[in-house]
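Everything below belongs to my_file34.cif, which stores mmCIF, C-alpha atoms.
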```cif
data_run
#
loop_
_atom_site.group_PDB
_atom_site.id
_atom_site.type_symbol
_atom_site.label_atom_id
_atom_site.label_comp_id
_atom_site.auth_asym_id
_atom_site.auth_seq_id
_atom_site.Cartn_x
_atom_site.Cartn_y
_atom_site.Cartn_z
ATOM 1 C CA MET A 1 0.000 0.000 0.000
ATOM 2 C CA THR A 2 1.430 3.350 -1.056
ATOM 3 C CA PRO A 3 1.739 6.216 1.485
ATOM 4 C CA LEU A 4 -0.658 8.307 -0.591
ATOM 5 C CA ARG A 5 -3.340 5.616 -0.501
ATOM 6 C CA LEU A 6 -2.796 5.089 3.225
ATOM 7 C CA ARG A 7 -3.201 8.810 3.821
ATOM 8 C CA ALA A 8 -6.467 8.844 1.842
ATOM 9 C CA ILE A 9 -7.814 5.911 3.889
ATOM 10 C CA VAL A 10 -6.917 7.619 7.169
ATOM 11 C CA LEU A 11 -8.533 10.900 6.079
ATOM 12 C CA ASN A 12 -11.703 9.134 4.949
ATOM 13 C CA ALA A 13 -11.843 7.244 8.249
ATOM 14 C CA LEU A 14 -11.503 10.505 10.192
ATOM 15 C CA ILE A 15 -14.244 12.150 8.116
ATOM 16 C CA ALA A 16 -16.512 9.141 8.672
ATOM 17 C CA ALA A 17 -15.828 9.250 12.434
ATOM 18 C CA VAL A 18 -16.599 12.973 12.649
ATOM 19 C CA THR A 19 -19.773 12.497 10.590
ATOM 20 C CA PHE A 20 -20.878 9.660 12.848
ATOM 21 C CA VAL A 21 -20.278 11.669 16.035
ATOM 22 C CA THR A 22 -22.189 14.607 14.519
ATOM 23 C CA LEU A 23 -25.185 12.614 13.298
ATOM 24 C CA VAL A 24 -25.729 10.294 16.269
ATOM 25 C CA PRO A 25 -27.214 12.960 18.599
ATOM 26 C CA PHE A 26 -29.531 14.173 15.832
ATOM 27 C CA VAL A 27 -30.691 10.638 14.989
ATOM 28 C CA TRP A 28 -31.244 9.884 18.680
ATOM 29 C CA MET A 29 -33.284 13.079 19.027
ATOM 30 C CA VAL A 30 -35.537 11.919 16.189
ATOM 31 C CA THR A 31 -35.918 8.356 17.498
ATOM 32 C CA VAL A 32 -36.706 9.522 21.044
ATOM 33 C CA SER A 33 -39.457 11.748 19.688
ATOM 34 C CA PHE A 34 -41.215 8.604 18.394
ATOM 35 C CA MET A 35 -40.863 6.657 21.676
ATOM 36 C CA PRO A 36 -43.762 5.984 24.060
ATOM 37 C CA ARG A 37 -43.907 8.346 27.013
ATOM 38 C CA TYR A 38 -41.020 8.047 29.538
ATOM 39 C CA GLU A 39 -39.275 5.228 27.650
ATOM 40 C CA SER A 40 -36.114 7.334 27.198
ATOM 41 C CA SER A 41 -35.818 7.686 31.000
ATOM 42 C CA ARG A 42 -34.759 4.058 31.369
ATOM 43 C CA TYR A 43 -31.138 3.179 32.055
ATOM 44 C CA PRO A 44 -29.315 2.675 29.808
ATOM 45 C CA PRO A 45 -31.312 4.938 27.466
ATOM 46 C CA PRO A 46 -32.561 3.012 24.415
ATOM 47 C CA PHE A 47 -31.550 4.179 20.966
ATOM 48 C CA TRP A 48 -34.551 2.754 19.084
ATOM 49 C CA PRO A 49 -38.184 2.865 20.250
ATOM 50 C CA SER A 50 -39.744 -0.357 21.438
ATOM 51 C CA ARG A 51 -42.889 0.893 19.714
ATOM 52 C CA TRP A 52 -43.005 3.722 17.159
ATOM 53 C CA THR A 53 -45.711 6.236 18.009
ATOM 54 C CA LEU A 54 -46.842 9.715 16.968
ATOM 55 C CA GLU A 55 -48.467 10.514 20.304
ATOM 56 C CA ASN A 56 -45.776 13.064 21.232
ATOM 57 C CA TYR A 57 -46.298 15.020 18.014
ATOM 58 C CA HIS A 58 -50.066 14.691 18.388
ATOM 59 C CA GLU A 59 -49.966 16.174 21.896
ATOM 60 C CA LEU A 60 -47.537 18.888 20.840
ATOM 61 C CA LEU A 61 -49.363 20.084 17.744
ATOM 62 C CA THR A 62 -53.065 19.559 18.450
ATOM 63 C CA ARG A 63 -55.581 21.433 20.573
ATOM 64 C CA ARG A 64 -57.285 19.325 23.236
ATOM 65 C CA GLN A 65 -59.661 19.631 26.172
ATOM 66 C CA PHE A 66 -58.330 19.402 29.725
ATOM 67 C CA ASP A 67 -60.548 19.719 32.829
ATOM 68 C CA GLY A 68 -63.301 21.279 30.765
ATOM 69 C CA ALA A 69 -61.021 23.880 29.132
ATOM 70 C CA TRP A 70 -59.328 23.846 25.755
ATOM 71 C CA PHE A 71 -55.530 23.802 25.873
ATOM 72 C CA ASP A 72 -52.661 23.627 23.406
ATOM 73 C CA TYR A 73 -48.940 24.401 23.402
ATOM 74 C CA ARG A 74 -49.318 26.962 20.574
ATOM 75 C CA ILE A 75 -46.397 25.450 18.667
ATOM 76 C CA LEU A 76 -47.851 26.077 15.213
ATOM 77 C CA PRO A 77 -48.658 29.769 15.927
ATOM 78 C CA ALA A 78 -45.173 30.151 17.415
ATOM 79 C CA MET A 79 -43.695 28.584 14.282
ATOM 80 C CA GLY A 80 -45.632 31.096 12.184
ATOM 81 C CA ASN A 81 -44.313 33.922 14.376
ATOM 82 C CA SER A 82 -40.740 32.682 13.963
ATOM 83 C CA LEU A 83 -41.170 32.367 10.210
ATOM 84 C CA LEU A 84 -42.552 35.902 9.982
ATOM 85 C CA VAL A 85 -39.811 37.414 12.155
ATOM 86 C CA ALA A 86 -37.015 35.484 10.437
ATOM 87 C CA ALA A 87 -38.247 36.313 6.924
ATOM 88 C CA ILE A 88 -38.631 40.042 7.616
ATOM 89 C CA SER A 89 -35.305 40.193 9.482
ATOM 90 C CA THR A 90 -33.538 38.460 6.602
ATOM 91 C CA LEU A 91 -35.044 40.591 3.832
ATOM 92 C CA LEU A 92 -34.531 43.923 5.582
ATOM 93 C CA GLY A 93 -31.096 42.853 6.795
ATOM 94 C CA LEU A 94 -29.970 42.083 3.249
ATOM 95 C CA VAL A 95 -31.346 45.413 1.987
ATOM 96 C CA LEU A 96 -29.228 47.242 4.578
ATOM 97 C CA THR A 97 -26.040 45.179 4.823
ATOM 98 C CA VAL A 98 -25.291 44.191 1.219
ATOM 99 C CA PRO A 99 -25.149 47.794 -0.109
ATOM 100 C CA ALA A 100 -23.214 48.819 3.016
ATOM 101 C CA GLY A 101 -20.629 46.102 2.433
ATOM 102 C CA TYR A 102 -20.276 47.197 -1.189
ATOM 103 C CA ALA A 103 -19.842 50.825 -0.114
ATOM 104 C CA PHE A 104 -17.085 49.960 2.352
ATOM 105 C CA ALA A 105 -15.277 47.920 -0.310
ATOM 106 C CA LYS A 106 -15.556 50.029 -3.478
ATOM 107 C CA LEU A 107 -16.700 53.554 -2.671
ATOM 108 C CA ARG A 108 -14.494 56.351 -1.381
ATOM 109 C CA PHE A 109 -16.009 58.592 1.269
ATOM 110 C CA ARG A 110 -14.735 60.630 4.157
ATOM 111 C CA GLY A 111 -14.123 58.700 7.361
ATOM 112 C CA ARG A 112 -14.449 55.286 5.724
ATOM 113 C CA GLU A 113 -11.329 53.770 7.284
ATOM 114 C CA ARG A 114 -12.095 55.094 10.762
ATOM 115 C CA LEU A 115 -15.658 53.853 10.591
ATOM 116 C CA LEU A 116 -14.452 50.461 9.374
ATOM 117 C CA LYS A 117 -12.010 50.191 12.299
ATOM 118 C CA LEU A 118 -14.821 51.121 14.676
ATOM 119 C CA LEU A 119 -17.033 48.377 13.256
ATOM 120 C CA ILE A 120 -14.272 45.797 13.586
ATOM 121 C CA ALA A 121 -13.555 46.874 17.172
ATOM 122 C CA SER A 122 -17.231 46.622 18.100
ATOM 123 C CA LEU A 123 -17.252 42.943 17.127
ATOM 124 C CA VAL A 124 -15.479 42.097 20.387
ATOM 125 C CA VAL A 125 -18.299 43.633 22.457
ATOM 126 C CA PRO A 126 -20.780 40.906 23.527
ATOM 127 C CA GLY A 127 -24.300 41.546 22.350
ATOM 128 C CA GLN A 128 -25.662 40.819 25.821
ATOM 129 C CA VAL A 129 -24.014 44.026 27.087
ATOM 130 C CA ALA A 130 -26.390 46.170 25.021
ATOM 131 C CA MET A 131 -29.571 44.267 25.843
ATOM 132 C CA LEU A 132 -30.526 46.199 28.985
ATOM 133 C CA PRO A 133 -30.077 49.715 27.524
ATOM 134 C CA LEU A 134 -31.700 48.516 24.293
ATOM 135 C CA PHE A 135 -34.686 47.210 26.233
ATOM 136 C CA LEU A 136 -35.034 50.517 28.092
ATOM 137 C CA ILE A 137 -34.914 52.437 24.794
ATOM 138 C CA PHE A 138 -37.499 50.152 23.190
ATOM 139 C CA ARG A 139 -39.742 50.500 26.226
ATOM 140 C CA GLU A 140 -39.716 54.269 25.844
ATOM 141 C CA LEU A 141 -40.481 53.899 22.139
ATOM 142 C CA GLY A 142 -43.365 51.517 22.808
ATOM 143 C CA LEU A 143 -41.721 48.629 20.949
ATOM 144 C CA VAL A 144 -41.718 46.112 23.817
ATOM 145 C CA ASP A 145 -43.884 43.042 23.172
ATOM 146 C CA SER A 146 -43.957 43.684 19.433
ATOM 147 C CA TYR A 147 -42.406 42.042 16.401
ATOM 148 C CA ALA A 148 -40.686 45.319 15.541
ATOM 149 C CA GLY A 149 -38.888 45.152 18.871
ATOM 150 C CA VAL A 150 -37.617 41.675 18.012
ATOM 151 C CA ILE A 151 -36.596 42.509 14.450
ATOM 152 C CA LEU A 152 -34.934 45.933 14.654
ATOM 153 C CA PRO A 153 -31.760 45.017 16.631
ATOM 154 C CA SER A 154 -30.764 42.367 14.090
ATOM 155 C CA LEU A 155 -31.104 44.400 10.898
ATOM 156 C CA ALA A 156 -27.685 46.044 10.528
ATOM 157 C CA GLY A 157 -25.346 43.286 11.657
ATOM 158 C CA ILE A 158 -21.673 44.231 11.693
ATOM 159 C CA PHE A 159 -20.588 40.721 10.740
ATOM 160 C CA ALA A 160 -22.891 40.834 7.696
ATOM 161 C CA VAL A 161 -21.438 44.149 6.502
ATOM 162 C CA LEU A 162 -17.866 42.911 6.865
ATOM 163 C CA PHE A 163 -18.748 39.581 5.251
ATOM 164 C CA VAL A 164 -20.106 41.324 2.142
ATOM 165 C CA ARG A 165 -17.208 43.799 2.099
ATOM 166 C CA GLN A 166 -14.642 41.005 2.094
ATOM 167 C CA ALA A 167 -16.365 39.287 -0.811
ATOM 168 C CA THR A 168 -16.780 42.528 -2.756
ATOM 169 C CA LEU A 169 -13.044 43.214 -2.543
ATOM 170 C CA GLY A 170 -12.581 40.281 -4.927
ATOM 171 C CA ILE A 171 -14.488 42.030 -7.713
ATOM 172 C CA PRO A 172 -12.006 43.723 -10.097
ATOM 173 C CA ASP A 173 -12.005 47.521 -9.879
ATOM 174 C CA GLU A 174 -11.535 47.658 -13.651
ATOM 175 C CA MET A 175 -14.999 46.167 -14.168
ATOM 176 C CA ILE A 176 -16.643 48.861 -12.054
ATOM 177 C CA ASP A 177 -14.526 51.654 -13.556
ATOM 178 C CA ALA A 178 -15.487 50.539 -17.062
ATOM 179 C CA ALA A 179 -19.161 50.721 -16.138
ATOM 180 C CA ARG A 180 -18.658 54.235 -14.788
ATOM 181 C CA LEU A 181 -16.957 55.302 -18.019
ATOM 182 C CA ASP A 182 -19.965 53.991 -19.904
ATOM 183 C CA GLY A 183 -22.154 56.348 -17.873
ATOM 184 C CA ALA A 184 -23.671 53.882 -15.392
ATOM 185 C CA GLY A 185 -24.601 55.298 -11.999
ATOM 186 C CA GLU A 186 -23.685 53.683 -8.707
ATOM 187 C CA VAL A 187 -27.138 52.152 -8.264
ATOM 188 C CA ARG A 188 -27.037 50.650 -11.774
ATOM 189 C CA ILE A 189 -23.512 49.323 -11.158
ATOM 190 C CA PHE A 190 -24.555 47.732 -7.896
ATOM 191 C CA VAL A 191 -27.752 46.150 -9.227
ATOM 192 C CA SER A 192 -26.511 45.030 -12.663
ATOM 193 C CA ILE A 193 -22.864 44.139 -12.009
ATOM 194 C CA VAL A 194 -22.034 43.716 -8.348
ATOM 195 C CA LEU A 195 -25.182 42.016 -7.073
ATOM 196 C CA PRO A 196 -25.160 39.129 -9.601
ATOM 197 C CA LEU A 197 -21.508 38.435 -8.745
ATOM 198 C CA LEU A 198 -22.376 38.472 -5.053
ATOM 199 C CA MET A 199 -25.311 36.092 -5.415
ATOM 200 C CA PRO A 200 -23.635 33.090 -3.677
ATOM 201 C CA ILE A 201 -22.436 35.408 -0.914
ATOM 202 C CA THR A 202 -25.908 36.950 -0.591
ATOM 203 C CA VAL A 203 -27.620 33.560 -0.346
ATOM 204 C CA THR A 204 -25.075 32.424 2.241
ATOM 205 C CA LEU A 205 -25.604 35.602 4.245
ATOM 206 C CA ALA A 206 -29.381 35.202 3.975
ATOM 207 C CA LEU A 207 -29.057 31.689 5.359
ATOM 208 C CA PHE A 208 -26.924 32.956 8.248
ATOM 209 C CA MET A 209 -29.445 35.700 9.013
ATOM 210 C CA PHE A 210 -32.444 33.403 8.799
ATOM 211 C CA LEU A 211 -30.861 30.784 11.052
ATOM 212 C CA GLY A 212 -29.734 33.434 13.524
ATOM 213 C CA SER A 213 -33.213 34.927 13.741
ATOM 214 C CA TRP A 214 -34.959 31.541 13.835
ATOM 215 C CA ASN A 215 -32.730 30.260 16.661
ATOM 216 C CA ASP A 216 -32.601 33.527 18.626
ATOM 217 C CA PHE A 217 -33.878 32.925 22.137
ATOM 218 C CA LEU A 218 -32.569 35.474 24.631
ATOM 219 C CA TRP A 219 -33.696 38.737 23.037
ATOM 220 C CA PRO A 220 -37.242 37.536 22.131
ATOM 221 C CA LEU A 221 -37.514 36.152 25.668
ATOM 222 C CA ILE A 222 -36.672 39.597 27.063
ATOM 223 C CA VAL A 223 -38.789 41.742 24.759
ATOM 224 C CA LEU A 224 -41.893 39.522 24.369
ATOM 225 C CA SER A 225 -44.377 39.001 27.193
ATOM 226 C CA ASP A 226 -47.573 37.956 25.400
ATOM 227 C CA GLN A 227 -47.538 34.232 24.626
ATOM 228 C CA HIS A 228 -49.409 34.926 21.397
ATOM 229 C CA HIS A 229 -46.265 36.718 20.182
ATOM 230 C CA TYR A 230 -43.828 34.002 21.274
ATOM 231 C CA THR A 231 -41.345 32.779 18.710
ATOM 232 C CA LEU A 232 -40.656 29.050 18.500
ATOM 233 C CA PRO A 233 -37.567 28.872 20.800
ATOM 234 C CA VAL A 234 -39.396 30.881 23.486
ATOM 235 C CA ALA A 235 -42.495 28.666 23.173
ATOM 236 C CA VAL A 236 -40.394 25.498 23.469
ATOM 237 C CA ALA A 237 -38.626 26.938 26.529
ATOM 238 C CA ALA A 238 -42.021 27.645 28.102
ATOM 239 C CA ILE A 239 -43.007 24.007 27.519
ATOM 240 C CA SER A 240 -39.742 22.740 29.013
ATOM 241 C CA ARG A 241 -40.446 24.547 32.284
ATOM 242 C CA GLU A 242 -43.505 22.354 32.784
ATOM 243 C CA HIS A 243 -42.357 19.162 31.052
ATOM 244 C CA ALA A 244 -38.615 19.006 31.752
ATOM 245 C CA ALA A 245 -38.852 15.327 32.692
ATOM 246 C CA ASP A 246 -40.858 14.455 29.568
ATOM 247 C CA GLY A 247 -37.930 13.761 27.257
ATOM 248 C CA GLU A 248 -40.024 12.401 24.398
ATOM 249 C CA LEU A 249 -42.236 15.485 24.199
ATOM 250 C CA MET A 250 -39.238 17.807 24.381
ATOM 251 C CA MET A 251 -37.435 15.861 21.641
ATOM 252 C CA ALA A 252 -40.529 16.157 19.452
ATOM 253 C CA ALA A 253 -40.447 19.918 20.052
ATOM 254 C CA ALA A 254 -36.745 19.954 19.140
ATOM 255 C CA VAL A 255 -37.467 18.094 15.884
ATOM 256 C CA VAL A 256 -40.240 20.562 14.996
ATOM 257 C CA THR A 257 -37.828 23.435 15.685
ATOM 258 C CA THR A 258 -34.930 21.941 13.713
ATOM 259 C CA LEU A 259 -36.701 20.447 10.697
ATOM 260 C CA PRO A 260 -37.649 23.690 8.839
ATOM 261 C CA VAL A 261 -34.155 25.184 8.974
ATOM 262 C CA LEU A 262 -32.595 21.836 8.084
ATOM 263 C CA MET A 263 -34.762 21.632 4.965
ATOM 264 C CA LEU A 264 -33.858 25.219 4.095
ATOM 265 C CA PHE A 265 -30.154 24.479 4.475
ATOM 266 C CA LEU A 266 -30.368 21.360 2.300
ATOM 267 C CA ALA A 267 -32.236 23.317 -0.379
ATOM 268 C CA LEU A 268 -29.627 26.095 -0.447
ATOM 269 C CA GLN A 269 -26.464 24.146 0.309
ATOM 270 C CA ARG A 270 -25.118 24.564 -3.240
ATOM 271 C CA TYR A 271 -25.229 28.351 -2.912
ATOM 272 C CA TYR A 272 -24.043 28.159 0.685
ATOM 273 C CA ILE A 273 -20.864 26.251 -0.188
ATOM 274 C CA GLY A 274 -20.263 28.488 -3.204
ATOM 275 C CA GLY A 275 -20.620 31.547 -1.021
ATOM 276 C CA LEU A 276 -18.192 30.308 1.592
ATOM 277 C CA LEU A 277 -15.611 29.477 -1.046
ATOM 278 C CA GLY A 278 -16.214 32.642 -3.057
ATOM 279 C CA GLY A 279 -17.043 30.473 -6.034
ATOM 280 C CA SER A 280 -18.233 33.136 -8.456
ATOM 281 C CA ILE A 281 -15.888 35.928 -7.355
ATOM 282 C CA LYS A 282 -12.619 36.126 -9.213
ATOM 283 C CA GLY A 283 -9.871 38.476 -8.210
#
```
Please go through the file and, once you have read it, give me the structure as structure tokens.
Amino acid sequence: MTPLRLRAIVLNALIAAVTFVTLVPFVWMVTVSFMPRYESSRYPPPFWPSRWTLENYHELLTRRQFDGAWFDYRILPAMGNSLLVAAISTLLGLVLTVPAGYAFAKLRFRGRERLLKLLIASLVVPGQVAMLPLFLIFRELGLVDSYAGVILPSLAGIFAVLFVRQATLGIPDEMIDAARLDGAGEVRIFVSIVLPLLMPITVTLALFMFLGSWNDFLWPLIVLSDQHHYTLPVAVAAISREHAADGELMMAAAVVTTLPVLMLFLALQRYYIGGLLGGSIKG
């Protein structure tokens, strides 16, 4: 066996081991969600259900009567709230951050370098530091317990601006200068030349923004008080406070939370990988 072939076997074995370690918790989460109630509490915990059942999903997603009153966990409305918040946050975030990243990369304006250094320096500041003053400001503005209060802080992300700027630096200046000589304005240059080249980057950034908004827990927990406005992570956390020992129900909630974003990632993975590698941007 040649050293090159041995190296390929070792690398493939390492990749298979990492894939296995990554997938096992996810597969176990799915299998537990189909187990009968309290079966996962046995020791050692079983990996496969003794009997496959949908009762956990039925309890989680349906409205039922309890002691004469109707009750449900409001998972589907919370999923709709999360979808609405994530979609609006992603669309508005792209409208703000993609042109800003292009401006920092290709336009010359006064104070650009100082502002760029300030943005980079602010990346080291934890977001949790600003949550209390931000909450006080939003309370004065009447934005507490509203979707606007959840969406606004995530619109102009510094990471998103720098991510687009770094990708835009790979676009040749000669291409933009030629368009200017032909009489194209900055808006026309951005829409017709820059934006198509940044499409993999834009899709990747959109995926980042959507996942970040969908999975965001702390800020919606702080700013939302009405359960009818709860996003999905906050609704699942509310369920866990009452059903912490019910592993099967909580795993079903985790599957419902994970499945939409997993499907979105699989649908856009071609653009996502191209964006990370800068596939369509040539220096």
Open item on the list: Residues near Val85 in chain A, anyone? I mean within 10 Å using only C-alpha atoms, not counting same-chain ones fewer than 2 positions away, as JSON, numbers by chain.
Closed with: {"A": [79, 80, 81, 82, 83, 87, 88, 89, 90, 147, 148, 150, 151, 210, 213, 214, 231]}
Task: Nearest to Val125 in chain A, chosen from A:Ile158, A:Ala100, A:Pro196, A:Gly149, with all atoms listed in the file counted in the distances - done: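 Ranking A:Ile158, A:Ala100, A:Pro196, A:Gly149 by distance to Val125 in chain A, first place goes to A:Ile158.
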Task: the PyMOL selection byres ((chain A and resi 101-118) around 8) resolved against shown file, as a list in words - done: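 Evaluating the PyMOL selection byres ((chain A and resi 101-118) around 8) on this file yields Thr97, Val98, Pro99, Ala100, Leu119, Ile120, Ala121, Ser122, Ala160, Val161, Leu162, Phe163, Val164, Arg165, Gln166, Thr168, Leu169, Asp173 and Phe190 of chain A.
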Task: For range 23-26 of chain A: contacts at 9 Å, all atoms listed in the file, fewer than 5 positions along chain excluded, given as a ChimeraX atom specification - done: /A:18,31,255
Open item on the list: Here is a test: counting only C-alpha atoms, which residue of A:Glu39, A:Thr258, A:Ile193, A:Ala8 is nearest to Glu174 in chain A?
Closed with: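 Between A:Glu39, A:Thr258, A:Ile193, A:Ala8, the residue approaching Glu174 in chain A most closely is A:Ile193.
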Work out where the centre of an axis-aligned box around every listed atom of range 121-135 of chain A lies and how long its edges are once 6 Å is added on each side; give both in Å to one decimal as AutoDock Vina command-line options.
```
--center_x -24.1 --center_y 45.3 --center_z 23.1 --size_x 33.1 --size_y 20.9 --size_z 23.9
```
Open item on the list: For a test of reading the model, state the distance in Å between CA of Ala267 in chain A and CA of Phe208 in chain A, rounded to one decimal.
Closed with: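 Separating CA of Ala267 in chain A from CA of Phe208 in chain A is a distance of 14.0 Å.
As for CA of Gly93 in chain A and CA of Leu155 in chain A, they are spaced 4.4 Å apart.
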- [ ] Specify as a PyMOL selection string each residue included when the PyMOL selection byres ((chain A and resi 175-177) around 10) is applied to this file.
- [x] chain A and resi 106+171-174+178-184+186+189-190+193-194
Which residues fall under the PyMOL selection byres ((chain A and resi 249) around 12) in this file, as a tab-separated table (two decimals) with C-alpha atoms, in the frame of the given file?
```
chain	number	residue	atom	x	y	z
A	29	MET	CA	-33.28	13.08	19.03
A	30	VAL	CA	-35.54	11.92	16.19
A	31	THR	CA	-35.92	8.36	17.50
A	32	VAL	CA	-36.71	9.52	21.04
A	33	SER	CA	-39.46	11.75	19.69
A	34	PHE	CA	-41.22	8.60	18.39
A	35	MET	CA	-40.86	6.66	21.68
A	36	PRO	CA	-43.76	5.98	24.06
A	37	ARG	CA	-43.91	8.35	27.01
A	38	TYR	CA	-41.02	8.05	29.54
A	39	GLU	CA	-39.28	5.23	27.65
A	40	SER	CA	-36.11	7.33	27.20
A	53	THR	CA	-45.71	6.24	18.01
A	54	LEU	CA	-46.84	9.72	16.97
A	55	GLU	CA	-48.47	10.51	20.30
A	56	ASN	CA	-45.78	13.06	21.23
A	57	TYR	CA	-46.30	15.02	18.01
A	58	HIS	CA	-50.07	14.69	18.39
A	59	GLU	CA	-49.97	16.17	21.90
A	60	LEU	CA	-47.54	18.89	20.84
A	61	LEU	CA	-49.36	20.08	17.74
A	73	TYR	CA	-48.94	24.40	23.40
A	236	VAL	CA	-40.39	25.50	23.47
A	239	ILE	CA	-43.01	24.01	27.52
A	240	SER	CA	-39.74	22.74	29.01
A	242	GLU	CA	-43.50	22.35	32.78
A	243	HIS	CA	-42.36	19.16	31.05
A	244	ALA	CA	-38.62	19.01	31.75
A	245	ALA	CA	-38.85	15.33	32.69
A	246	ASP	CA	-40.86	14.46	29.57
A	247	GLY	CA	-37.93	13.76	27.26
A	248	GLU	CA	-40.02	12.40	24.40
A	250	MET	CA	-39.24	17.81	24.38
A	251	MET	CA	-37.44	15.86	21.64
A	252	ALA	CA	-40.53	16.16	19.45
A	253	ALA	CA	-40.45	19.92	20.05
A	254	ALA	CA	-36.74	19.95	19.14
A	255	VAL	CA	-37.47	18.09	15.88
A	256	VAL	CA	-40.24	20.56	15.00
```
Task: Interatomic distance (Å, one decimal) between CA of Leu76 in chain A and CA of Leu224 in chain A - done: 17.3 Å
- [ ] Select, from A:Val223, A:Ala167, A:Leu91, A:Ile75, the residue with the minimum atom-to-atom distance to Leu134 in chain A, counting only C-alpha atoms.
- [x] A:Val223
